Protein chains: 2
Amino acid sequence: MVIAALGPEGTFSHELVVRLCREEPLLLPTISRVFAMVENGEAIGFVPIENSEAGGVGPTLDGLCDYDVSITGECYLPVHHHLASSLSLDEITVIYAHPQTHEQCSRALDRLTIPVIHTSSNAESALLADSKEGAAAVISDGAAAYYHIPIILRDLQNSRSNTTRFIRIDRDPYTEGDAVKCSILIDPAQDSPGLLHALLSPFAERKINLSRIESRPSGRGIGSYRFFLDFEAVPTANDALAVLKRKGLVREFGCYPRLEVPE
Amino acid sequence: MVIAALGPEGTFSHELVVRLCREEPLLLPTISRVFAMVENGEAIGFVPIENSEAGGVGPTLDGLCDYDVSITGECYLPVHHHLASSLSLDEITVIYAHPQTHEQCSRALDRLTIPVIHTSSNAESALLADSKEGAAAVISDGAAAYYHIPIILRDLQNSRSNTTRFIRIDRDPYTEGDAVKCSILIDPAQDSPGLLHALLSPFAERKINLSRIESRPSGRGIGSYRFFLDFEAVPTANDALAVLKRKGLVREFGCYPRLEVPE
């Protein structure tokens with residue numbers, strides 16, 4: 001089966017698939033294209049869903065709403081950003097960085113006091129560092145290796161524990177017995193005082209740990225939300241889900257194991 | 001008092017301040033710089049906090065966590081994206097767009113079948129449309145007017161109800177009697193089953209409408225969150241807050257009115 005992920009070459013999605021699956025993914029230009037291939041049964045996909053600094057990844061949360069897919073695994077990739085250039089540090093006059101990368105490395109880059117120019121992707125940063133005079137880029141290990149640019153300063157990221165959580169998506173749900181987590185989407189047709197509290201009650205009453213709740217715009221106008229919930233895959237979770245389904249619209253993405261990413 | 005907002009010229013923040021306050025804001029390069037000026041008492045600020053399509057605005061939510069400011073008002077700006085160029089549509093060979101603008105206009109841009117190149121800001125899109133051969137940009141009314149580029153196709157955005165909510169921030173809280181909404185941040189020192197449910201109980205028991213809940217990474221590693229809550233400014237809200245404060249760490253941003261944005 002084809003494995004699809006967000007490109008271009010050198011993204012964290014690319015790095016993840018190579019390390020986890022030991023094969024090259026099919027790289028697509030947008031996250032929604034990954035979802036479309038998976039829904040059509042043409043691929044399994046790996047997409048980023050949340051980062052420990054920046055929070056939820058909008059296009060992935062929207063893909064889960066819009067496409068009929070299941071979550072069949074999750075994995076965690078530590079995020080490291082490095083300064084890469086074929087020059088030495090004192091020769092560098094400009095640094096290329098994606099705005100989100102800049103934000104995640106703001107403290108180190110502020111200390112360097114070299115002008116930072118924003119790019120549309122980490123791959124573009126790498127290409128500019130390779131082609132422009134006096135240039136460096138803030139990129140990952142994977143991008144530096146792919147584009148053959150030496151790393152001259154390691155670990156510029158503000159937080160040492162910067163981590164991105166990815167999910168594996170497939171057309172059919174995971175059915176083995178070793179699932180540890182389940183994910184659902186609740187779309188309350190209308191808002192009312194205490195609604196969210198009522199939606200959480202079935203879990204609280206059974207002492208089921210909710211590992212995550214994320215609100216997303218419903219698309220019905222500002223102030224109207226859907227909720228993504230992750231909870232532990234325990235036997236009482238089925239009872240909680242049954243209660244919840246009687247209260248409103250619940251979509252299940254399935255229960256799934258954690259996949260360990262090799263070094 | 002100086003009014004600070006995110007630049008460069010032609011951003012939606014810029015447009016909002018001009019329409020609401022009838023004066024030019026001081027435009028700063030990042031949202032966190034706006035928060036820093038407000039914390040120092042050097043300005044009041046206007047910053048985007050959520051969009052009806054894209055959800056919460058990360059740098060603003062992080063600014064509320066990191067800086068000691070109050071929310072003193074909210075306002076809603078309809079978001080319109082247009083195709084702007086000095087050429088006619090059949091002469092255009094390339095379209096410049098910020099990735100988020102592209103996402104919000106994906107359906108119309110897919111139909112045009114003209115290559116789209118991503119930029120680091122809507123202002124950069126405008127500048128490129130003005131200087132490159134065969135070029136157009138996807139930008140707002142404000143940016144098109146500021147950079148004097150004719151609009152040739154109006155309203156490319158996927159959703160007609162695309163709206164961004166802004167907040168007014170100030171060093172001191174709002175104290176007039178016409179507040180309609182209050183905002184708080186809850187940072188549970190540790191997670192436990194049913195925690196969020198327990199945090200919402202004081203509101204549910206008093207039938208106080210929570211208009212919004214948004215989870216953000218706590219910075220203590222992946223899987224650890226803080227919660228932003230907005231609720232209606234009713235007399236019983238003070239009792240709910242008092243109960244909540246006995247349960248955990250609550251930071252209050254104050255209660256505030258809605259500001260109407262003139263056409």
# chains A, B, ... in the order shown; residues from 1 in each chain; ligands from 1
>>> interface_residues(of="chain A", to="chain B", cutoff="9 Å", atoms="only C-alpha atoms", output="PyMOL selection string")
chain A and resi 50-56+58-59+98-99+103+117-121+159+161-165+191-201+203-225
>>> select_by_dssp(residues="region 3-251 of chain B", states="helix (DSSP H, G or I)", output="PDB file with C-alpha atoms, in the first residue's frame")
ATOM      1  CA  PHE B  12      -7.146  42.976   8.525  1.00  0.00           C
ATOM      2  CA  SER B  13      -5.905  44.347  11.882  1.00  0.00           C
ATOM      3  CA  HIS B  14      -4.967  47.592  10.150  1.00  0.00           C
ATOM      4  CA  GLU B  15      -8.372  47.778   8.407  1.00  0.00           C
ATOM      5  CA  LEU B  16     -10.202  47.108  11.683  1.00  0.00           C
ATOM      6  CA  VAL B  17      -8.482  49.900  13.614  1.00  0.00           C
ATOM      7  CA  VAL B  18      -9.022  52.465  10.836  1.00  0.00           C
ATOM      8  CA  ARG B  19     -12.745  51.617  10.639  1.00  0.00           C
ATOM      9  CA  LEU B  20     -13.341  51.343  14.386  1.00  0.00           C
ATOM     10  CA  CYS B  21     -11.153  54.160  15.729  1.00  0.00           C
ATOM     11  CA  ILE B  31       1.420  40.022  17.727  1.00  0.00           C
ATOM     12  CA  SER B  32       3.676  39.498  20.756  1.00  0.00           C
ATOM     13  CA  ARG B  33       5.172  42.989  20.202  1.00  0.00           C
ATOM     14  CA  VAL B  34       1.622  44.401  20.434  1.00  0.00           C
ATOM     15  CA  PHE B  35       1.162  42.612  23.782  1.00  0.00           C
ATOM     16  CA  ALA B  36       4.540  43.877  25.059  1.00  0.00           C
ATOM     17  CA  MET B  37       3.637  47.529  24.320  1.00  0.00           C
ATOM     18  CA  VAL B  38       0.240  47.119  26.012  1.00  0.00           C
ATOM     19  CA  GLU B  39       1.770  45.488  29.096  1.00  0.00           C
ATOM     20  CA  GLY B  58      -2.170  30.918  18.370  1.00  0.00           C
ATOM     21  CA  PRO B  59       0.071  33.971  18.887  1.00  0.00           C
ATOM     22  CA  THR B  60      -2.818  35.917  20.495  1.00  0.00           C
ATOM     23  CA  LEU B  61      -3.738  33.062  22.843  1.00  0.00           C
ATOM     24  CA  ASP B  62      -0.051  32.724  23.789  1.00  0.00           C
ATOM     25  CA  GLY B  63       0.186  36.510  24.269  1.00  0.00           C
ATOM     26  CA  LEU B  64      -2.719  36.375  26.730  1.00  0.00           C
ATOM     27  CA  CYS B  65      -0.823  33.681  28.673  1.00  0.00           C
ATOM     28  CA  ASP B  66       2.534  35.457  28.636  1.00  0.00           C
ATOM     29  CA  LEU B  89      -8.238  37.878 -15.886  1.00  0.00           C
ATOM     30  CA  ASP B  90      -7.117  36.241 -19.176  1.00  0.00           C
ATOM     31  CA  GLU B  91      -3.708  37.965 -18.975  1.00  0.00           C
ATOM     32  CA  PRO B  99      -1.063  29.906   2.486  1.00  0.00           C
ATOM     33  CA  GLN B 100      -3.915  30.664   4.941  1.00  0.00           C
ATOM     34  CA  THR B 101      -5.609  32.940   2.389  1.00  0.00           C
ATOM     35  CA  HIS B 102      -5.194  30.186  -0.215  1.00  0.00           C
ATOM     36  CA  GLU B 103      -6.856  27.696   2.167  1.00  0.00           C
ATOM     37  CA  GLN B 104      -9.783  30.065   2.800  1.00  0.00           C
ATOM     38  CA  SER B 106      -9.386  27.028  -2.127  1.00  0.00           C
ATOM     39  CA  ARG B 107     -12.565  26.347  -4.095  1.00  0.00           C
ATOM     40  CA  ALA B 108     -12.496  29.518  -6.221  1.00  0.00           C
ATOM     41  CA  LEU B 109      -8.726  29.248  -6.817  1.00  0.00           C
ATOM     42  CA  ASP B 110      -9.010  25.576  -7.857  1.00  0.00           C
ATOM     43  CA  ARG B 111     -11.617  26.600 -10.444  1.00  0.00           C
ATOM     44  CA  LEU B 112      -9.347  29.331 -11.911  1.00  0.00           C
ATOM     45  CA  ASN B 122      -0.856  39.329   2.246  1.00  0.00           C
ATOM     46  CA  ALA B 123       1.226  42.491   1.974  1.00  0.00           C
ATOM     47  CA  GLU B 124       3.966  40.530   0.172  1.00  0.00           C
ATOM     48  CA  SER B 125       1.294  39.126  -2.184  1.00  0.00           C
ATOM     49  CA  ALA B 126       0.233  42.696  -3.011  1.00  0.00           C
ATOM     50  CA  LEU B 127       3.800  43.867  -3.619  1.00  0.00           C
ATOM     51  CA  LEU B 128       4.513  40.894  -5.921  1.00  0.00           C
ATOM     52  CA  ALA B 129       1.280  41.443  -7.881  1.00  0.00           C
ATOM     53  CA  ASP B 130       2.443  45.003  -8.432  1.00  0.00           C
ATOM     54  CA  SER B 131       5.981  44.136  -9.592  1.00  0.00           C
ATOM     55  CA  ASP B 141     -10.174  45.465   0.335  1.00  0.00           C
ATOM     56  CA  GLY B 142      -7.846  47.268   2.732  1.00  0.00           C
ATOM     57  CA  ALA B 143      -4.682  45.922   1.089  1.00  0.00           C
ATOM     58  CA  ALA B 144      -5.986  46.552  -2.447  1.00  0.00           C
ATOM     59  CA  ALA B 145      -6.787  50.153  -1.524  1.00  0.00           C
ATOM     60  CA  TYR B 146      -3.501  50.724   0.306  1.00  0.00           C
ATOM     61  CA  LEU B 195     -10.902  17.446  35.479  1.00  0.00           C
ATOM     62  CA  LEU B 196     -12.378  19.524  32.666  1.00  0.00           C
ATOM     63  CA  HIS B 197     -15.869  18.338  33.559  1.00  0.00           C
ATOM     64  CA  ALA B 198     -15.312  19.498  37.145  1.00  0.00           C
ATOM     65  CA  LEU B 199     -14.011  22.860  35.929  1.00  0.00           C
ATOM     66  CA  LEU B 200     -17.180  23.397  33.875  1.00  0.00           C
ATOM     67  CA  SER B 201     -19.586  22.373  36.677  1.00  0.00           C
ATOM     68  CA  PRO B 202     -19.788  25.797  38.379  1.00  0.00           C
ATOM     69  CA  PHE B 203     -21.067  27.266  35.085  1.00  0.00           C
ATOM     70  CA  ALA B 204     -23.394  24.377  34.184  1.00  0.00           C
ATOM     71  CA  GLU B 205     -25.012  24.397  37.654  1.00  0.00           C
ATOM     72  CA  ALA B 237     -20.818  34.452  37.034  1.00  0.00           C
ATOM     73  CA  ASN B 238     -19.030  35.853  40.089  1.00  0.00           C
ATOM     74  CA  ASP B 239     -20.206  32.891  42.215  1.00  0.00           C
ATOM     75  CA  ALA B 240     -19.068  30.421  39.536  1.00  0.00           C
ATOM     76  CA  LEU B 241     -15.667  32.106  39.401  1.00  0.00           C
ATOM     77  CA  ALA B 242     -15.297  31.985  43.184  1.00  0.00           C
ATOM     78  CA  VAL B 243     -15.935  28.213  43.160  1.00  0.00           C
ATOM     79  CA  LEU B 244     -13.508  27.747  40.295  1.00  0.00           C
ATOM     80  CA  LYS B 245     -10.752  29.667  42.055  1.00  0.00           C
ATOM     81  CA  ARG B 246     -10.917  27.221  44.955  1.00  0.00           C
ATOM     82  CA  LYS B 247     -10.298  24.358  42.491  1.00  0.00           C
TER      83      LYS B 247
END
>>> atom_distance(atom1="CA of Pro257 (chain B)", atom2="CA of Gln157 (chain B)")
28.8 Å
>>> residues_around(residues="Pro173 (chain B)", least_positions_apart="6", cutoff="9 Å", atoms="only C-alpha atoms", output="PyMOL selection string")
chain B and resi 69-72+253-256
>>> select_by_dssp(residues="region 89-219 of chain A", states="strand (DSSP E or B)", output="mmCIF file with N, CA and C atoms, in the first residue's frame")
data_model
loop_
_atom_site.group_PDB
_atom_site.id
_atom_site.type_symbol
_atom_site.label_atom_id
_atom_site.label_comp_id
_atom_site.auth_asym_id
_atom_site.auth_seq_id
_atom_site.Cartn_x
_atom_site.Cartn_y
_atom_site.Cartn_z
ATOM 1 N N VAL A 94 21.991 36.792 6.224
ATOM 2 C CA VAL A 94 20.542 36.680 6.181
ATOM 3 C C VAL A 94 20.140 35.237 6.514
ATOM 4 N N ILE A 95 19.034 35.101 7.257
ATOM 5 C CA ILE A 95 18.544 33.765 7.633
ATOM 6 C C ILE A 95 17.138 33.592 7.072
ATOM 7 N N TYR A 96 16.882 32.496 6.368
ATOM 8 C CA TYR A 96 15.557 32.193 5.850
ATOM 9 C C TYR A 96 14.849 31.223 6.797
ATOM 10 N N ALA A 97 13.587 31.526 7.121
ATOM 11 C CA ALA A 97 12.832 30.664 8.036
ATOM 12 C C ALA A 97 11.341 30.779 7.747
ATOM 13 N N VAL A 116 16.059 38.062 9.632
ATOM 14 C CA VAL A 116 15.343 36.839 9.276
ATOM 15 C C VAL A 116 14.325 37.176 8.198
ATOM 16 N N ILE A 117 14.332 36.427 7.081
ATOM 17 C CA ILE A 117 13.330 36.604 6.026
ATOM 18 C C ILE A 117 12.403 35.392 6.026
ATOM 19 N N HIS A 118 11.091 35.655 5.997
ATOM 20 C CA HIS A 118 10.125 34.564 6.064
ATOM 21 C C HIS A 118 9.922 33.902 4.707
ATOM 22 N N ALA A 135 23.665 33.363 2.895
ATOM 23 C CA ALA A 135 22.396 32.882 3.447
ATOM 24 C C ALA A 135 22.537 31.636 4.320
ATOM 25 N N ALA A 136 21.636 31.535 5.294
ATOM 26 C CA ALA A 136 21.466 30.319 6.097
ATOM 27 C C ALA A 136 19.967 30.058 6.197
ATOM 28 N N ALA A 137 19.594 28.843 6.631
ATOM 29 C CA ALA A 137 18.182 28.504 6.806
ATOM 30 C C ALA A 137 17.980 27.817 8.139
ATOM 31 N N VAL A 138 16.777 27.997 8.711
ATOM 32 C CA VAL A 138 16.425 27.242 9.922
ATOM 33 C C VAL A 138 15.580 26.059 9.472
ATOM 34 N N ILE A 139 16.138 24.850 9.554
ATOM 35 C CA ILE A 139 15.485 23.647 9.027
ATOM 36 C C ILE A 139 15.741 22.442 9.932
ATOM 37 N N ILE A 151 24.783 21.506 8.990
ATOM 38 C CA ILE A 151 24.197 22.143 10.182
ATOM 39 C C ILE A 151 25.318 22.820 10.954
ATOM 40 N N ILE A 152 25.175 24.129 11.218
ATOM 41 C CA ILE A 152 26.261 24.828 11.914
ATOM 42 C C ILE A 152 25.887 25.211 13.351
ATOM 43 N N LEU A 153 24.585 25.259 13.661
ATOM 44 C CA LEU A 153 24.157 25.493 15.054
ATOM 45 C C LEU A 153 22.964 24.582 15.308
ATOM 46 N N THR A 163 7.488 18.717 20.559
ATOM 47 C CA THR A 163 7.110 17.413 20.005
ATOM 48 C C THR A 163 5.871 17.577 19.133
ATOM 49 N N THR A 164 5.838 16.874 18.002
ATOM 50 C CA THR A 164 4.625 16.852 17.184
ATOM 51 C C THR A 164 4.012 15.454 17.236
ATOM 52 N N ARG A 165 2.705 15.410 17.472
ATOM 53 C CA ARG A 165 1.965 14.152 17.449
ATOM 54 C C ARG A 165 1.392 13.951 16.046
ATOM 55 N N PHE A 166 1.630 12.794 15.468
ATOM 56 C CA PHE A 166 1.079 12.431 14.159
ATOM 57 C C PHE A 166 0.040 11.344 14.339
ATOM 58 N N ILE A 167 -0.903 11.276 13.400
ATOM 59 C CA ILE A 167 -1.817 10.136 13.364
ATOM 60 C C ILE A 167 -1.655 9.397 12.040
ATOM 61 N N ARG A 168 -1.879 8.073 12.114
ATOM 62 C CA ARG A 168 -1.950 7.259 10.900
ATOM 63 C C ARG A 168 -3.420 7.186 10.522
ATOM 64 N N ILE A 169 -3.763 7.494 9.283
ATOM 65 C CA ILE A 169 -5.163 7.420 8.852
ATOM 66 C C ILE A 169 -5.319 6.368 7.761
ATOM 67 N N ASP A 170 -6.459 5.686 7.794
ATOM 68 C CA ASP A 170 -6.739 4.602 6.854
ATOM 69 C C ASP A 170 -8.246 4.609 6.599
ATOM 70 N N LYS A 181 -5.968 4.302 22.779
ATOM 71 C CA LYS A 181 -6.649 5.599 22.765
ATOM 72 C C LYS A 181 -7.756 5.567 21.710
ATOM 73 N N CYS A 182 -8.846 6.332 21.944
ATOM 74 C CA CYS A 182 -9.924 6.443 20.964
ATOM 75 C C CYS A 182 -10.175 7.932 20.704
ATOM 76 N N SER A 183 -10.651 8.237 19.509
ATOM 77 C CA SER A 183 -10.937 9.630 19.137
ATOM 78 C C SER A 183 -12.337 9.743 18.569
ATOM 79 N N ILE A 184 -13.037 10.794 18.970
ATOM 80 C CA ILE A 184 -14.368 11.066 18.419
ATOM 81 C C ILE A 184 -14.510 12.555 18.121
ATOM 82 N N LEU A 185 -15.529 12.865 17.327
ATOM 83 C CA LEU A 185 -15.896 14.253 17.037
ATOM 84 C C LEU A 185 -17.345 14.424 17.452
ATOM 85 N N ILE A 186 -17.616 15.446 18.249
ATOM 86 C CA ILE A 186 -18.986 15.749 18.651
ATOM 87 C C ILE A 186 -19.396 17.053 17.982
ATOM 88 N N ASP A 187 -20.503 17.018 17.256
ATOM 89 C CA ASP A 187 -20.984 18.216 16.578
ATOM 90 C C ASP A 187 -22.376 18.528 17.110
ATOM 91 N N LEU A 210 -9.959 11.794 29.780
ATOM 92 C CA LEU A 210 -9.959 12.488 28.485
ATOM 93 C C LEU A 210 -8.554 13.041 28.292
ATOM 94 N N SER A 211 -7.838 12.552 27.301
ATOM 95 C CA SER A 211 -6.467 13.053 27.151
ATOM 96 C C SER A 211 -6.432 14.362 26.382
ATOM 97 N N ARG A 212 -7.522 14.688 25.663
ATOM 98 C CA ARG A 212 -7.476 15.913 24.878
ATOM 99 C C ARG A 212 -8.874 16.350 24.497
ATOM 100 N N ILE A 213 -9.096 17.664 24.522
ATOM 101 C CA ILE A 213 -10.316 18.234 23.948
ATOM 102 C C ILE A 213 -9.905 19.429 23.107
ATOM 103 N N GLU A 214 -10.411 19.489 21.910
ATOM 104 C CA GLU A 214 -10.031 20.583 21.007
ATOM 105 C C GLU A 214 -11.301 21.095 20.354
ATOM 106 N N SER A 215 -11.537 22.398 20.448
ATOM 107 C CA SER A 215 -12.716 22.951 19.767
ATOM 108 C C SER A 215 -12.301 23.484 18.401
ATOM 109 N N ARG A 216 -13.161 23.296 17.427
ATOM 110 C CA ARG A 216 -12.925 23.790 16.065
ATOM 111 C C ARG A 216 -14.174 24.490 15.590
ATOM 112 N N PRO A 217 -14.029 25.509 14.730
ATOM 113 C CA PRO A 217 -15.224 26.158 14.185
ATOM 114 C C PRO A 217 -16.091 25.132 13.460
#
>>> atom_distance(atom1="CA of Val2 (chain B)", atom2="CA of Leu27 (chain B)")
10.5 Å
>>> atom_distance(atom1="CA of Ala43 (chain B)", atom2="CA of Thr11 (chain B)")
18.7 Å
>>> closest_residue(among="A:Glu23, A:Thr113, A:Glu133, A:Ala179", to="Ala5 (chain A)", atoms="only C-alpha atoms")
A:Glu23
>>> decode(residues="region 30-49 of chain A", atoms="N, CA, C and O atoms", output="PDB file, in the first residue's frame")
ATOM      1  N   THR A  30      -0.778  19.227  -0.180  1.00  0.00           N
ATOM      2  CA  THR A  30      -1.603  19.701   0.930  1.00  0.00           C
ATOM      3  C   THR A  30      -2.056  18.511   1.775  1.00  0.00           C
ATOM      4  O   THR A  30      -2.104  17.366   1.302  1.00  0.00           O
ATOM      5  N   ILE A  31      -2.419  18.806   3.021  1.00  0.00           N
ATOM      6  CA  ILE A  31      -2.902  17.759   3.920  1.00  0.00           C
ATOM      7  C   ILE A  31      -4.245  17.225   3.428  1.00  0.00           C
ATOM      8  O   ILE A  31      -4.526  16.027   3.539  1.00  0.00           O
ATOM      9  N   SER A  32      -5.077  18.085   2.843  1.00  0.00           N
ATOM     10  CA  SER A  32      -6.383  17.584   2.393  1.00  0.00           C
ATOM     11  C   SER A  32      -6.234  16.592   1.228  1.00  0.00           C
ATOM     12  O   SER A  32      -7.039  15.668   1.086  1.00  0.00           O
ATOM     13  N   ARG A  33      -5.187  16.743   0.418  1.00  0.00           N
ATOM     14  CA  ARG A  33      -4.940  15.766  -0.642  1.00  0.00           C
ATOM     15  C   ARG A  33      -4.589  14.393  -0.043  1.00  0.00           C
ATOM     16  O   ARG A  33      -4.942  13.353  -0.614  1.00  0.00           O
ATOM     17  N   VAL A  34      -3.869  14.393   1.090  1.00  0.00           N
ATOM     18  CA  VAL A  34      -3.573  13.117   1.769  1.00  0.00           C
ATOM     19  C   VAL A  34      -4.884  12.464   2.197  1.00  0.00           C
ATOM     20  O   VAL A  34      -5.114  11.262   1.953  1.00  0.00           O
ATOM     21  N   PHE A  35      -5.780  13.241   2.814  1.00  0.00           N
ATOM     22  CA  PHE A  35      -7.072  12.694   3.255  1.00  0.00           C
ATOM     23  C   PHE A  35      -7.868  12.146   2.067  1.00  0.00           C
ATOM     24  O   PHE A  35      -8.482  11.095   2.160  1.00  0.00           O
ATOM     25  N   ALA A  36      -7.856  12.871   0.938  1.00  0.00           N
ATOM     26  CA  ALA A  36      -8.635  12.441  -0.234  1.00  0.00           C
ATOM     27  C   ALA A  36      -8.141  11.088  -0.743  1.00  0.00           C
ATOM     28  O   ALA A  36      -8.946  10.200  -1.050  1.00  0.00           O
ATOM     29  N   MET A  37      -6.825  10.885  -0.811  1.00  0.00           N
ATOM     30  CA  MET A  37      -6.283   9.596  -1.273  1.00  0.00           C
ATOM     31  C   MET A  37      -6.667   8.471  -0.321  1.00  0.00           C
ATOM     32  O   MET A  37      -6.975   7.356  -0.755  1.00  0.00           O
ATOM     33  N   VAL A  38      -6.618   8.766   0.990  1.00  0.00           N
ATOM     34  CA  VAL A  38      -6.938   7.731   1.986  1.00  0.00           C
ATOM     35  C   VAL A  38      -8.421   7.364   1.886  1.00  0.00           C
ATOM     36  O   VAL A  38      -8.788   6.188   1.910  1.00  0.00           O
ATOM     37  N   GLU A  39      -9.283   8.374   1.750  1.00  0.00           N
ATOM     38  CA  GLU A  39     -10.718   8.104   1.637  1.00  0.00           C
ATOM     39  C   GLU A  39     -11.016   7.231   0.417  1.00  0.00           C
ATOM     40  O   GLU A  39     -11.877   6.345   0.460  1.00  0.00           O
ATOM     41  N   ASN A  40     -10.267   7.451  -0.667  1.00  0.00           N
ATOM     42  CA  ASN A  40     -10.452   6.655  -1.885  1.00  0.00           C
ATOM     43  C   ASN A  40      -9.839   5.259  -1.798  1.00  0.00           C
ATOM     44  O   ASN A  40      -9.913   4.505  -2.771  1.00  0.00           O
ATOM     45  N   GLY A  41      -9.199   4.945  -0.673  1.00  0.00           N
ATOM     46  CA  GLY A  41      -8.577   3.624  -0.527  1.00  0.00           C
ATOM     47  C   GLY A  41      -7.300   3.470  -1.332  1.00  0.00           C
ATOM     48  O   GLY A  41      -6.822   2.360  -1.554  1.00  0.00           O
ATOM     49  N   GLU A  42      -6.700   4.609  -1.738  1.00  0.00           N
ATOM     50  CA  GLU A  42      -5.489   4.540  -2.564  1.00  0.00           C
ATOM     51  C   GLU A  42      -4.207   4.606  -1.746  1.00  0.00           C
ATOM     52  O   GLU A  42      -3.115   4.438  -2.285  1.00  0.00           O
ATOM     53  N   ALA A  43      -4.318   4.901  -0.449  1.00  0.00           N
ATOM     54  CA  ALA A  43      -3.107   5.050   0.371  1.00  0.00           C
ATOM     55  C   ALA A  43      -3.485   4.979   1.843  1.00  0.00           C
ATOM     56  O   ALA A  43      -4.660   5.120   2.198  1.00  0.00           O
ATOM     57  N   ILE A  44      -2.492   4.716   2.715  1.00  0.00           N
ATOM     58  CA  ILE A  44      -2.656   5.092   4.112  1.00  0.00           C
ATOM     59  C   ILE A  44      -1.851   6.381   4.293  1.00  0.00           C
ATOM     60  O   ILE A  44      -0.933   6.665   3.508  1.00  0.00           O
ATOM     61  N   GLY A  45      -2.230   7.195   5.262  1.00  0.00           N
ATOM     62  CA  GLY A  45      -1.594   8.499   5.391  1.00  0.00           C
ATOM     63  C   GLY A  45      -1.028   8.732   6.780  1.00  0.00           C
ATOM     64  O   GLY A  45      -1.477   8.120   7.760  1.00  0.00           O
ATOM     65  N   PHE A  46      -0.019   9.588   6.865  1.00  0.00           N
ATOM     66  CA  PHE A  46       0.471  10.087   8.151  1.00  0.00           C
ATOM     67  C   PHE A  46       0.368  11.597   8.124  1.00  0.00           C
ATOM     68  O   PHE A  46       0.921  12.243   7.217  1.00  0.00           O
ATOM     69  N   VAL A  47      -0.345  12.179   9.084  1.00  0.00           N
ATOM     70  CA  VAL A  47      -0.538  13.633   9.118  1.00  0.00           C
ATOM     71  C   VAL A  47      -0.327  14.146  10.550  1.00  0.00           C
ATOM     72  O   VAL A  47      -0.666  13.471  11.519  1.00  0.00           O
ATOM     73  N   PRO A  48       0.254  15.379  10.688  1.00  0.00           N
ATOM     74  CA  PRO A  48       0.461  15.959  12.014  1.00  0.00           C
ATOM     75  C   PRO A  48      -0.872  16.447  12.571  1.00  0.00           C
ATOM     76  O   PRO A  48      -1.655  17.051  11.845  1.00  0.00           O
ATOM     77  N   ILE A  49      -1.137  16.183  13.855  1.00  0.00           N
ATOM     78  CA  ILE A  49      -2.423  16.620  14.439  1.00  0.00           C
ATOM     79  C   ILE A  49      -2.256  17.656  15.538  1.00  0.00           C
ATOM     80  O   ILE A  49      -3.133  18.503  15.727  1.00  0.00           O
TER      81      ILE A  49
END
